[in-house]
file start01.txt (compact mmCIF, C-alpha atoms and all ligand atoms)
# COMPACT_ATOMS: atom_id res chain seq x y z
CA MET A 187 86.21 93.53 113.04
CA THR A 188 84.53 94.75 116.24
CA ALA A 189 84.23 98.46 116.73
CA GLY A 190 85.86 100.66 119.31
CA LEU A 191 88.52 98.66 121.14
CA ILE A 192 90.32 101.89 122.04
CA GLU A 193 88.64 105.24 122.28
CA GLY A 194 90.45 108.50 123.01
CA SER A 195 88.36 111.64 123.62
CA HIS A 196 89.89 115.10 123.77
CA LEU A 197 93.25 113.85 125.02
CA SER A 198 95.79 116.50 125.96
CA LYS A 199 99.17 116.24 127.58
CA VAL A 200 101.07 119.08 129.19
CA TYR A 201 104.55 118.43 130.56
CA ALA A 202 105.93 120.61 133.33
CA THR A 203 109.40 121.67 132.21
CA ALA A 204 112.07 123.98 133.64
CA THR A 205 110.96 126.66 131.17
CA GLY A 206 107.24 126.26 131.91
CA PRO A 207 104.39 124.06 130.71
CA LEU A 208 104.90 122.34 127.38
CA VAL A 209 101.80 121.25 125.46
CA ALA A 210 102.79 117.99 123.77
CA LEU A 211 99.27 116.88 122.75
CA SER A 212 96.19 119.00 122.32
CA ASP A 213 92.61 117.76 122.06
CA VAL A 214 93.21 114.50 120.23
CA SER A 215 90.18 112.25 119.64
CA PHE A 216 90.10 108.95 117.77
CA ASP A 217 89.01 105.36 117.98
CA VAL A 218 90.75 102.16 117.05
CA ASN A 219 88.87 99.03 116.06
CA GLU A 220 89.86 95.57 117.16
CA GLY A 221 92.30 94.01 114.70
CA GLU A 222 93.13 97.30 112.98
CA PHE A 223 96.60 98.36 111.91
CA ILE A 224 96.99 102.07 112.63
CA SER A 225 100.07 104.21 112.01
CA LEU A 226 100.83 107.56 113.59
CA VAL A 227 102.85 109.90 111.40
CA GLY A 228 103.90 113.47 111.99
CA PRO A 229 106.90 115.74 112.31
CA SER A 230 109.48 115.25 115.03
CA GLY A 231 108.22 116.41 118.42
CA CYS A 232 104.51 116.35 117.49
CA GLY A 233 103.66 114.00 120.35
CA LYS A 234 103.58 110.56 118.68
CA SER A 235 105.60 108.88 121.44
CA THR A 236 103.63 110.77 124.06
CA LEU A 237 100.37 109.46 122.64
CA LEU A 238 101.79 105.94 122.49
CA SER A 239 102.97 106.20 126.13
CA ILE A 240 99.49 107.28 127.18
CA LEU A 241 98.01 104.36 125.24
CA GLY A 242 100.50 102.05 126.96
CA GLY A 243 99.57 103.43 130.37
CA LEU A 244 103.13 104.69 130.95
CA GLU A 245 101.98 108.31 131.07
CA ASN A 246 98.67 109.82 132.09
CA GLN A 247 96.92 112.38 129.94
CA THR A 248 96.43 115.84 131.45
CA GLU A 249 92.91 116.07 130.05
CA GLY A 250 90.52 113.79 128.23
CA VAL A 251 89.32 110.23 128.55
CA LEU A 252 90.89 107.05 127.26
CA LEU A 253 88.84 103.86 127.11
CA LEU A 254 90.05 100.34 126.43
CA SER A 255 87.18 97.89 125.82
CA ASP A 256 84.82 100.55 127.22
CA LYS A 257 86.70 100.77 130.54
CA GLU A 258 88.82 103.70 131.65
CA HIS A 259 92.47 102.98 130.91
CA ASP A 260 95.15 104.67 133.01
CA GLY A 261 97.97 102.23 133.73
CA PRO A 262 100.02 99.41 132.21
CA ARG A 263 98.08 96.24 131.39
CA ALA A 264 99.12 92.78 130.28
CA GLU A 265 96.84 93.02 127.25
CA ILE A 266 98.98 95.85 125.85
CA GLY A 267 102.57 95.22 124.74
CA MET A 268 105.12 97.83 123.70
CA MET A 269 108.16 97.74 121.45
CA PHE A 270 110.68 100.53 120.88
CA GLN A 271 113.29 101.54 118.30
CA THR A 272 116.10 100.01 120.32
CA SER A 273 115.18 96.97 122.28
CA VAL A 274 116.75 96.17 125.55
CA LEU A 275 117.59 92.50 125.55
CA PHE A 276 119.34 91.06 128.60
CA PRO A 277 122.82 90.14 127.34
CA TRP A 278 123.36 87.39 129.92
CA ARG A 279 120.14 85.59 128.97
CA THR A 280 119.88 83.44 125.88
CA ILE A 281 117.50 84.50 123.12
CA ARG A 282 114.94 81.95 124.33
CA GLN A 283 115.27 83.20 127.92
CA ASN A 284 114.76 86.77 126.74
CA VAL A 285 111.57 85.81 124.91
CA GLU A 286 110.28 83.79 127.89
CA LEU A 287 110.76 86.63 130.33
CA PRO A 288 107.40 88.48 130.11
CA GLY A 289 105.52 85.19 130.60
CA ILE A 290 107.70 84.27 133.57
CA ILE A 291 107.18 87.71 135.14
CA LEU A 292 103.43 87.19 134.71
CA GLY A 293 103.77 83.85 136.52
CA LEU A 294 102.92 81.64 133.53
CA ASP A 295 104.10 78.04 133.33
CA ARG A 296 107.87 77.91 132.57
CA LYS A 297 107.86 74.84 130.37
CA GLN A 298 104.97 76.20 128.35
CA GLN A 299 106.80 79.54 128.03
CA ALA A 300 109.93 77.82 126.71
CA GLU A 301 107.85 76.00 124.08
CA GLU A 302 106.01 79.20 123.26
CA ALA A 303 109.34 81.05 122.92
CA ASP A 304 110.55 78.49 120.38
CA ARG A 305 107.28 78.76 118.44
CA LEU A 306 107.55 82.56 118.36
CA LEU A 307 111.22 82.50 117.38
CA ASP A 308 110.21 80.26 114.53
CA MET A 309 107.46 82.73 113.58
CA VAL A 310 109.87 85.67 113.42
CA GLY A 311 112.36 83.67 111.35
CA LEU A 312 114.85 82.85 114.12
CA ASN A 313 114.38 79.11 114.23
CA GLY A 314 117.45 77.53 115.87
CA PHE A 315 118.69 80.73 117.53
CA GLY A 316 117.15 80.07 120.96
CA ASP A 317 120.45 79.13 122.63
CA ARG A 318 122.41 82.09 121.24
CA TYR A 319 123.01 85.34 123.12
CA PRO A 320 121.93 88.85 122.02
CA GLY A 321 125.55 89.92 121.42
CA GLU A 322 125.81 87.32 118.67
CA LEU A 323 122.94 88.80 116.63
CA SER A 324 122.64 91.64 114.12
CA GLY A 325 120.43 94.69 114.80
CA GLY A 326 117.67 93.27 112.61
CA MET A 327 117.80 89.91 114.37
CA ARG A 328 117.64 91.63 117.77
CA GLN A 329 114.47 93.44 116.70
CA ARG A 330 113.05 90.08 115.61
CA VAL A 331 113.75 88.80 119.12
CA ALA A 332 112.04 91.89 120.55
CA LEU A 333 109.04 91.19 118.30
CA ALA A 334 108.88 87.59 119.53
CA ARG A 335 109.14 88.83 123.13
CA LEU A 336 106.37 91.33 122.46
CA LEU A 337 104.12 88.49 121.33
CA ALA A 338 105.13 86.16 124.17
CA HIS A 339 102.38 86.96 126.64
CA ASP A 340 99.86 87.28 123.80
CA PRO A 341 98.86 90.95 124.25
CA LYS A 342 95.79 92.06 122.36
CA VAL A 343 97.28 95.42 121.39
CA LEU A 344 100.80 96.03 120.09
CA LEU A 345 102.17 99.55 120.49
CA MET A 346 105.26 99.95 118.33
CA ASP A 347 107.39 103.10 118.49
CA GLU A 348 109.52 103.19 115.33
CA PRO A 349 110.45 99.55 115.90
CA PHE A 350 112.49 99.30 112.70
CA GLY A 351 113.66 102.92 112.56
CA ALA A 352 117.26 102.08 113.42
CA LEU A 353 117.57 99.38 110.76
CA ASP A 354 118.91 99.75 107.24
CA GLU A 355 116.29 100.12 104.53
CA PHE A 356 116.53 96.58 103.22
CA THR A 357 116.19 94.98 106.67
CA ARG A 358 113.41 97.38 107.51
CA GLU A 359 111.43 96.36 104.47
CA THR A 360 111.92 92.69 105.27
CA MET A 361 110.74 93.32 108.83
CA ASN A 362 107.67 95.15 107.56
CA VAL A 363 106.72 92.22 105.36
CA GLU A 364 107.24 89.86 108.33
CA LEU A 365 105.21 92.09 110.60
CA LEU A 366 102.29 92.10 108.16
CA ARG A 367 102.47 88.33 107.84
CA ILE A 368 102.37 87.96 111.65
CA TRP A 369 99.62 90.56 112.00
CA GLU A 370 97.50 88.75 109.41
CA LYS A 371 98.02 85.48 111.27
CA THR A 372 97.44 86.74 114.81
CA SER A 373 94.83 89.48 114.20
CA LYS A 374 96.36 91.80 116.80
CA THR A 375 95.49 95.46 117.01
CA VAL A 376 98.62 97.45 116.11
CA ILE A 377 99.45 101.11 116.65
CA PHE A 378 102.70 101.88 114.90
CA VAL A 379 104.69 105.12 115.06
CA THR A 380 106.86 105.95 112.08
CA HIS A 381 108.53 108.85 110.29
CA ASN A 382 108.38 106.90 107.08
CA ILE A 383 105.22 107.69 105.11
CA GLY A 384 105.73 104.87 102.60
CA GLU A 385 106.08 102.38 105.45
CA ALA A 386 102.85 103.69 107.03
CA VAL A 387 100.94 103.32 103.74
CA PHE A 388 102.33 99.84 103.12
CA LEU A 389 101.34 98.59 106.58
CA SER A 390 98.21 100.37 107.69
CA ASP A 391 94.44 100.26 107.49
CA ARG A 392 94.32 103.88 108.63
CA ILE A 393 96.94 106.56 109.20
CA PHE A 394 96.60 109.22 111.87
CA VAL A 395 98.41 112.31 110.57
CA MET A 396 99.54 114.69 113.30
CA THR A 397 100.44 118.38 113.20
CA PRO A 398 103.62 119.98 114.60
CA ARG A 399 103.60 120.74 118.32
CA PRO A 400 101.24 121.01 120.01
CA GLY A 401 100.28 117.70 118.43
CA ARG A 402 96.76 117.54 117.07
CA LEU A 403 95.18 115.17 114.62
CA GLU A 404 95.39 116.83 111.21
CA GLY A 405 93.39 114.03 109.64
CA ILE A 406 92.85 110.31 109.33
CA VAL A 407 93.66 108.63 106.03
CA ASP A 408 91.98 105.37 104.99
CA VAL A 409 94.43 103.15 103.15
CA ASP A 410 92.25 101.47 100.55
CA LEU A 411 94.95 99.20 99.13
CA PRO A 412 94.06 95.50 98.86
CA ARG A 413 95.32 92.91 101.35
CA PRO A 414 97.26 90.74 101.78
CA ARG A 415 99.93 93.26 100.81
CA LYS A 416 103.24 92.44 99.24
CA PRO A 417 106.00 94.96 98.39
CA GLU A 418 104.66 94.99 94.79
CA VAL A 419 101.80 97.14 96.09
CA MET A 420 104.30 100.02 96.06
CA ARG A 421 104.01 99.97 92.27
CA ASP A 422 100.28 100.60 92.53
CA PRO A 423 99.48 104.21 91.51
CA ARG A 424 97.11 104.39 94.49
CA TYR A 425 100.09 103.77 96.81
CA SER A 426 101.97 106.78 95.37
CA GLU A 427 98.81 108.87 95.54
CA LEU A 428 98.34 108.10 99.24
CA VAL A 429 102.01 108.83 100.00
CA PHE A 430 101.70 112.12 98.13
CA ASP A 431 98.45 113.09 99.91
CA ILE A 432 100.01 112.47 103.33
CA ARG A 433 103.15 114.40 102.38
CA ARG A 434 100.91 117.29 101.42
CA MET A 435 98.98 117.08 104.71
CA LEU A 436 102.33 117.22 106.53
CA GLY A 437 103.45 120.18 104.44
CA VAL A 438 106.40 118.28 102.98
CA ASP A 439 105.48 119.28 99.39
CA HIS A 440 105.05 122.95 98.76
N1 LIG B 501 108.93 113.56 129.81
C1 LIG B 501 108.90 114.72 129.16
N2 LIG B 501 109.07 115.90 129.81
C2 LIG B 501 109.01 117.07 129.15
N3 LIG B 501 108.78 117.19 127.83
C3 LIG B 501 108.61 116.06 127.14
C4 LIG B 501 108.66 114.76 127.74
N4 LIG B 501 108.45 113.82 126.80
C5 LIG B 501 108.29 114.49 125.64
N5 LIG B 501 108.38 115.83 125.83
C6 LIG B 501 108.22 116.89 124.83
O1 LIG B 501 106.94 116.72 124.26
C7 LIG B 501 106.97 116.96 122.86
C8 LIG B 501 106.49 115.72 122.13
O2 LIG B 501 107.46 114.69 122.28
P1 LIG B 501 107.29 113.22 121.67
O3 LIG B 501 108.51 112.44 122.01
O4 LIG B 501 105.98 112.68 122.06
O5 LIG B 501 107.26 113.56 120.10
P2 LIG B 501 107.45 112.60 118.85
O6 LIG B 501 106.47 113.03 117.83
O7 LIG B 501 107.42 111.17 119.26
O8 LIG B 501 108.92 112.99 118.39
P3 LIG B 501 109.99 112.17 117.52
O9 LIG B 501 109.33 111.92 116.20
O10 LIG B 501 111.15 113.11 117.38
O11 LIG B 501 110.31 110.93 118.27
C9 LIG B 501 108.42 117.31 122.52
O12 LIG B 501 108.52 118.72 122.47
C10 LIG B 501 109.20 116.76 123.68
O13 LIG B 501 110.35 117.54 123.93
call {"tool": "encode", "arguments": {"input": "start01.txt", "output": "structure tokens"}}
result
Amino acid sequence: MTAGLIEGSHLSKVYATATGPLVALSDVSFDVNEGEFISLVGPSGCGKSTLLSILGGLENQTEGVLLLSDKEHDGPRAEIGMMFQTSVLFPWRTIRQNVELPGIILGLDRKQQAEEADRLLDMVGLNGFGDRYPGELSGGMRQRVALARLLAHDPKVLLMDEPFGALDEFTRETMNVELLRIWEKTSKTVIFVTHNIGEAVFLSDRIFVMTPRPGRLEGIVDVDLPRPRKPEVMRDPRYSELVFDIRRMLGVDH
């Protein structure tokens, strides 16, 4: 693991709204190492998506400095990919064509992209679905397609904003296991937003716990559970302890 792929120093974000300035993020500092799996947890409205948008270059911070590989980062870049809770797949394109799209937009070789799409569909468990259309798939399968598309142009950093939040619990757990398997294989750096503390503990190396608005970093929790992780790790007393500690930091247990 190399240190300091992403470094945020004193990041703040103030939105101008009809009722005046709204401080969404206040003085947030952190670093993320290459290959790390980080989760952001915190109450609704604490600025998780705002922070992710800044990391993705979709929004600019009002104050502070953000570095990616030691260079100032202030716009979208091919080495960063984003995935959201509901993924927009183009309904008139086949699954393979949806997955190929980022590579085609970036001007990569079409034949290679088609082969790559099939390899990625295989990786996310959708072997043989390349010629189907999004409307023929379940919500979980559509998020698998979105995951394959996210990986298609081989970004170094994956920013995931509650990617499985709209799925039922069983599908969500399956997707988490798949995500870990893919992460272990590809050694991407992942920053993952979730409301689900158990999910964050299961997946992460470290968890950034945020306070209610204006969002600050309440603390960073090291998840010292062994890897590779399987769902059985949830039986480990250390897993429950970590979940409980984070709940307490968030003020969920009184
Ligand atoms: N474009 C915007 N303009 C004005 N205010 C915004 C904008 N985007 C977000 N906000 C406000 O900033 C605050 C933080 O929002 P954000 O979506 O980052 O929180 P969050 O932690 O991701 O919330 P949730 O968990 O509910 O998704 C909220 O009060 C929100 O209303």
call {"tool": "residues_near_ligand", "arguments": {"input": "start01.txt", "ligand": "ligand LIG 501 (chain B)", "cutoff": "7 Å", "atoms": "only C-alpha atoms and all ligand atoms", "output": "PyMOL selection string"}}
result
chain A and resi 201-203+208-210+228-237+381+399
call {"tool": "write_last_selection", "arguments": {"input": "start01.txt", "atoms": "C-alpha atoms", "output": "compact mmCIF listing (two decimals), keeping the file's coordinate frame"}}
result
# COMPACT_ATOMS: atom_id res chain seq x y z
CA TYR A 201 104.55 118.43 130.56
CA ALA A 202 105.93 120.61 133.33
CA THR A 203 109.40 121.67 132.21
CA LEU A 208 104.90 122.34 127.38
CA VAL A 209 101.80 121.25 125.46
CA ALA A 210 102.79 117.99 123.77
CA GLY A 228 103.90 113.47 111.99
CA PRO A 229 106.90 115.74 112.31
CA SER A 230 109.48 115.25 115.03
CA GLY A 231 108.22 116.41 118.42
CA CYS A 232 104.51 116.35 117.49
CA GLY A 233 103.66 114.00 120.35
CA LYS A 234 103.58 110.56 118.68
CA SER A 235 105.60 108.88 121.44
CA THR A 236 103.63 110.77 124.06
CA LEU A 237 100.37 109.46 122.64
CA HIS A 381 108.53 108.85 110.29
CA ARG A 399 103.60 120.74 118.32
call {"tool": "residues_around", "arguments": {"input": "start01.txt", "residues": "Leu254 (chain A)", "least_positions_apart": "5", "cutoff": "6 Å", "atoms": "only C-alpha atoms", "output": "PyMOL selection string"}}
result
chain A and resi 191-192+259
call {"tool": "closest_residue", "arguments": {"input": "start01.txt", "among": "A:Val331, A:Leu344, A:Ile281, A:Met435", "to": "Leu403 (chain A)", "atoms": "all atoms listed in the file"}}
result
A:Met435
call {"tool": "residues_around", "arguments": {"input": "start01.txt", "residues": "Phe223 (chain A)", "least_positions_apart": "4", "cutoff": "7 Å", "atoms": "all atoms listed in the file", "output": "VMD selection string"}}
result
chain A and resid 375 to 377 390 to 392
call {"tool": "closest_atom_pairs", "arguments": {"input": "start01.txt", "of": "region 256-293 of chain A", "to": "region 300-311 of chain A", "cutoff": "8 Å", "atoms": "all atoms listed in the file", "output": "CSV"}}
result
residue,atom,partner,partner_atom,distance
A:Arg282,CA,A:Ala303,CA,5.8
A:Gln283,CA,A:Ala300,CA,7.7
A:Val285,CA,A:Ala303,CA,5.6
A:Glu286,CA,A:Ala303,CA,5.8
call {"tool": "atom_distance", "arguments": {"input": "start01.txt", "atom1": "CA of Gly316 (chain A)", "atom2": "CA of Ser273 (chain A)"}}
result
17.1 Å
call {"tool": "residues_around", "arguments": {"input": "start01.txt", "residues": "region 430-432 of chain A", "least_positions_apart": "6", "cutoff": "9 Å", "atoms": "only C-alpha atoms", "output": "PDB file with C-alpha atoms, in the frame of the given file"}}
result
ATOM      1  CA  VAL A 227     102.850 109.900 111.400  1.00  0.00           C
ATOM      2  CA  ILE A 383     105.220 107.690 105.110  1.00  0.00           C
ATOM      3  CA  ILE A 393      96.940 106.560 109.200  1.00  0.00           C
ATOM      4  CA  VAL A 395      98.410 112.310 110.570  1.00  0.00           C
ATOM      5  CA  VAL A 407      93.660 108.630 106.030  1.00  0.00           C
ATOM      6  CA  VAL A 438     106.400 118.280 102.980  1.00  0.00           C
ATOM      7  CA  ASP A 439     105.480 119.280  99.390  1.00  0.00           C
TER       8      ASP A 439
END
call {"tool": "residues_near_point", "arguments": {"input": "start01.txt", "point": "(109.2, 102.4, 114.3)", "cutoff": "8 Å", "atoms": "all atoms listed in the file", "output": "PyMOL selection string"}}
result
chain A and resi 270-271+346-351+378-381
call {"tool": "closest_residue", "arguments": {"input": "start01.txt", "among": "A:Gly243, A:Gly190, A:Pro341, A:Gly321", "to": "Ala264 (chain A)", "atoms": "only C-alpha atoms"}}
result
A:Pro341
call {"tool": "decode", "arguments": {"input": "start01.txt", "residues": "region 337-419 of chain A", "atoms": "C-alpha atoms", "output": "PDB file, in the first residue's frame"}}
result
ATOM      1  CA  LEU A 337     -14.789  -0.677 -13.977  1.00  0.00           C
ATOM      2  CA  ALA A 338     -14.815  -0.436 -17.782  1.00  0.00           C
ATOM      3  CA  HIS A 339     -12.291   2.341 -18.240  1.00  0.00           C
ATOM      4  CA  ASP A 340     -10.206   0.991 -15.357  1.00  0.00           C
ATOM      5  CA  PRO A 341     -10.379   3.985 -12.983  1.00  0.00           C
ATOM      6  CA  LYS A 342      -7.957   3.941 -10.096  1.00  0.00           C
ATOM      7  CA  VAL A 343     -10.487   5.290  -7.601  1.00  0.00           C
ATOM      8  CA  LEU A 344     -14.105   4.168  -7.243  1.00  0.00           C
ATOM      9  CA  LEU A 345     -16.483   6.622  -5.571  1.00  0.00           C
ATOM     10  CA  MET A 346     -19.685   4.814  -4.631  1.00  0.00           C
ATOM     11  CA  ASP A 347     -22.676   6.711  -3.243  1.00  0.00           C
ATOM     12  CA  GLU A 348     -24.944   4.160  -1.540  1.00  0.00           C
ATOM     13  CA  PRO A 349     -24.638   1.918  -4.587  1.00  0.00           C
ATOM     14  CA  PHE A 350     -26.720  -0.880  -3.067  1.00  0.00           C
ATOM     15  CA  GLY A 351     -28.973   1.287  -0.899  1.00  0.00           C
ATOM     16  CA  ALA A 352     -32.056   0.699  -3.025  1.00  0.00           C
ATOM     17  CA  LEU A 353     -31.688  -3.087  -3.023  1.00  0.00           C
ATOM     18  CA  ASP A 354     -33.319  -5.568  -0.677  1.00  0.00           C
ATOM     19  CA  GLU A 355     -31.144  -6.783   2.175  1.00  0.00           C
ATOM     20  CA  PHE A 356     -30.353 -10.166   0.698  1.00  0.00           C
ATOM     21  CA  THR A 357     -29.286  -8.752  -2.690  1.00  0.00           C
ATOM     22  CA  ARG A 358     -27.348  -6.029  -0.941  1.00  0.00           C
ATOM     23  CA  GLU A 359     -25.368  -8.542   1.059  1.00  0.00           C
ATOM     24  CA  THR A 360     -24.616 -10.570  -2.060  1.00  0.00           C
ATOM     25  CA  MET A 361     -23.456  -7.402  -3.818  1.00  0.00           C
ATOM     26  CA  ASN A 362     -21.204  -6.517  -0.887  1.00  0.00           C
ATOM     27  CA  VAL A 363     -19.544  -9.921  -1.026  1.00  0.00           C
ATOM     28  CA  GLU A 364     -19.087  -9.513  -4.804  1.00  0.00           C
ATOM     29  CA  LEU A 365     -17.706  -6.021  -4.378  1.00  0.00           C
ATOM     30  CA  LEU A 366     -15.119  -7.240  -1.865  1.00  0.00           C
ATOM     31  CA  ARG A 367     -14.118 -10.073  -4.182  1.00  0.00           C
ATOM     32  CA  ILE A 368     -13.648  -7.605  -7.067  1.00  0.00           C
ATOM     33  CA  TRP A 369     -11.832  -5.098  -4.856  1.00  0.00           C
ATOM     34  CA  GLU A 370      -9.437  -7.804  -3.654  1.00  0.00           C
ATOM     35  CA  LYS A 371      -8.772  -8.812  -7.263  1.00  0.00           C
ATOM     36  CA  THR A 372      -8.370  -5.336  -8.757  1.00  0.00           C
ATOM     37  CA  SER A 373      -6.803  -3.442  -5.813  1.00  0.00           C
ATOM     38  CA  LYS A 374      -8.802  -0.280  -6.517  1.00  0.00           C
ATOM     39  CA  THR A 375      -9.116   2.515  -4.018  1.00  0.00           C
ATOM     40  CA  VAL A 376     -12.764   2.694  -2.928  1.00  0.00           C
ATOM     41  CA  ILE A 377     -14.665   5.435  -1.114  1.00  0.00           C
ATOM     42  CA  PHE A 378     -18.106   4.154  -0.256  1.00  0.00           C
ATOM     43  CA  VAL A 379     -20.998   6.129   1.226  1.00  0.00           C
ATOM     44  CA  THR A 380     -23.520   4.204   3.276  1.00  0.00           C
ATOM     45  CA  HIS A 381     -26.132   4.627   5.997  1.00  0.00           C
ATOM     46  CA  ASN A 382     -25.610   1.041   7.001  1.00  0.00           C
ATOM     47  CA  ILE A 383     -23.003   0.731   9.760  1.00  0.00           C
ATOM     48  CA  GLY A 384     -22.771  -3.064   9.520  1.00  0.00           C
ATOM     49  CA  GLU A 385     -22.118  -2.803   5.787  1.00  0.00           C
ATOM     50  CA  ALA A 386     -19.362  -0.224   6.415  1.00  0.00           C
ATOM     51  CA  VAL A 387     -17.666  -2.475   8.998  1.00  0.00           C
ATOM     52  CA  PHE A 388     -17.933  -5.536   6.764  1.00  0.00           C
ATOM     53  CA  LEU A 389     -16.369  -3.765   3.779  1.00  0.00           C
ATOM     54  CA  SER A 390     -13.880  -1.214   5.025  1.00  0.00           C
ATOM     55  CA  ASP A 391     -10.294  -0.774   6.108  1.00  0.00           C
ATOM     56  CA  ARG A 392     -11.235   2.528   7.730  1.00  0.00           C
ATOM     57  CA  ILE A 393     -14.517   4.305   8.382  1.00  0.00           C
ATOM     58  CA  PHE A 394     -14.845   8.077   8.358  1.00  0.00           C
ATOM     59  CA  VAL A 395     -17.618   8.947  10.815  1.00  0.00           C
ATOM     60  CA  MET A 396     -19.244  12.312  10.171  1.00  0.00           C
ATOM     61  CA  THR A 397     -21.271  14.602  12.434  1.00  0.00           C
ATOM     62  CA  PRO A 398     -24.683  16.136  11.636  1.00  0.00           C
ATOM     63  CA  ARG A 399     -24.647  19.298   9.542  1.00  0.00           C
ATOM     64  CA  PRO A 400     -22.372  21.095   9.172  1.00  0.00           C
ATOM     65  CA  GLY A 401     -20.535  17.879   8.354  1.00  0.00           C
ATOM     66  CA  ARG A 402     -17.246  17.423  10.158  1.00  0.00           C
ATOM     67  CA  LEU A 403     -15.175  14.338  10.740  1.00  0.00           C
ATOM     68  CA  GLU A 404     -16.142  13.014  14.165  1.00  0.00           C
ATOM     69  CA  GLY A 405     -13.470  10.337  13.968  1.00  0.00           C
ATOM     70  CA  ILE A 406     -11.817   7.671  11.875  1.00  0.00           C
ATOM     71  CA  VAL A 407     -12.284   4.039  12.865  1.00  0.00           C
ATOM     72  CA  ASP A 408      -9.738   1.368  11.898  1.00  0.00           C
ATOM     73  CA  VAL A 409     -11.489  -1.880  11.061  1.00  0.00           C
ATOM     74  CA  ASP A 410      -9.083  -4.489  12.362  1.00  0.00           C
ATOM     75  CA  LEU A 411     -11.029  -7.519  11.137  1.00  0.00           C
ATOM     76  CA  PRO A 412      -9.038 -10.078   9.125  1.00  0.00           C
ATOM     77  CA  ARG A 413      -9.240 -10.301   5.330  1.00  0.00           C
ATOM     78  CA  PRO A 414     -10.370 -11.814   3.072  1.00  0.00           C
ATOM     79  CA  ARG A 415     -13.757 -11.253   4.693  1.00  0.00           C
ATOM     80  CA  LYS A 416     -16.746 -13.499   4.352  1.00  0.00           C
ATOM     81  CA  PRO A 417     -20.203 -12.864   5.868  1.00  0.00           C
ATOM     82  CA  GLU A 418     -19.201 -15.163   8.769  1.00  0.00           C
ATOM     83  CA  VAL A 419     -17.071 -12.280  10.055  1.00  0.00           C
TER      84      VAL A 419
END
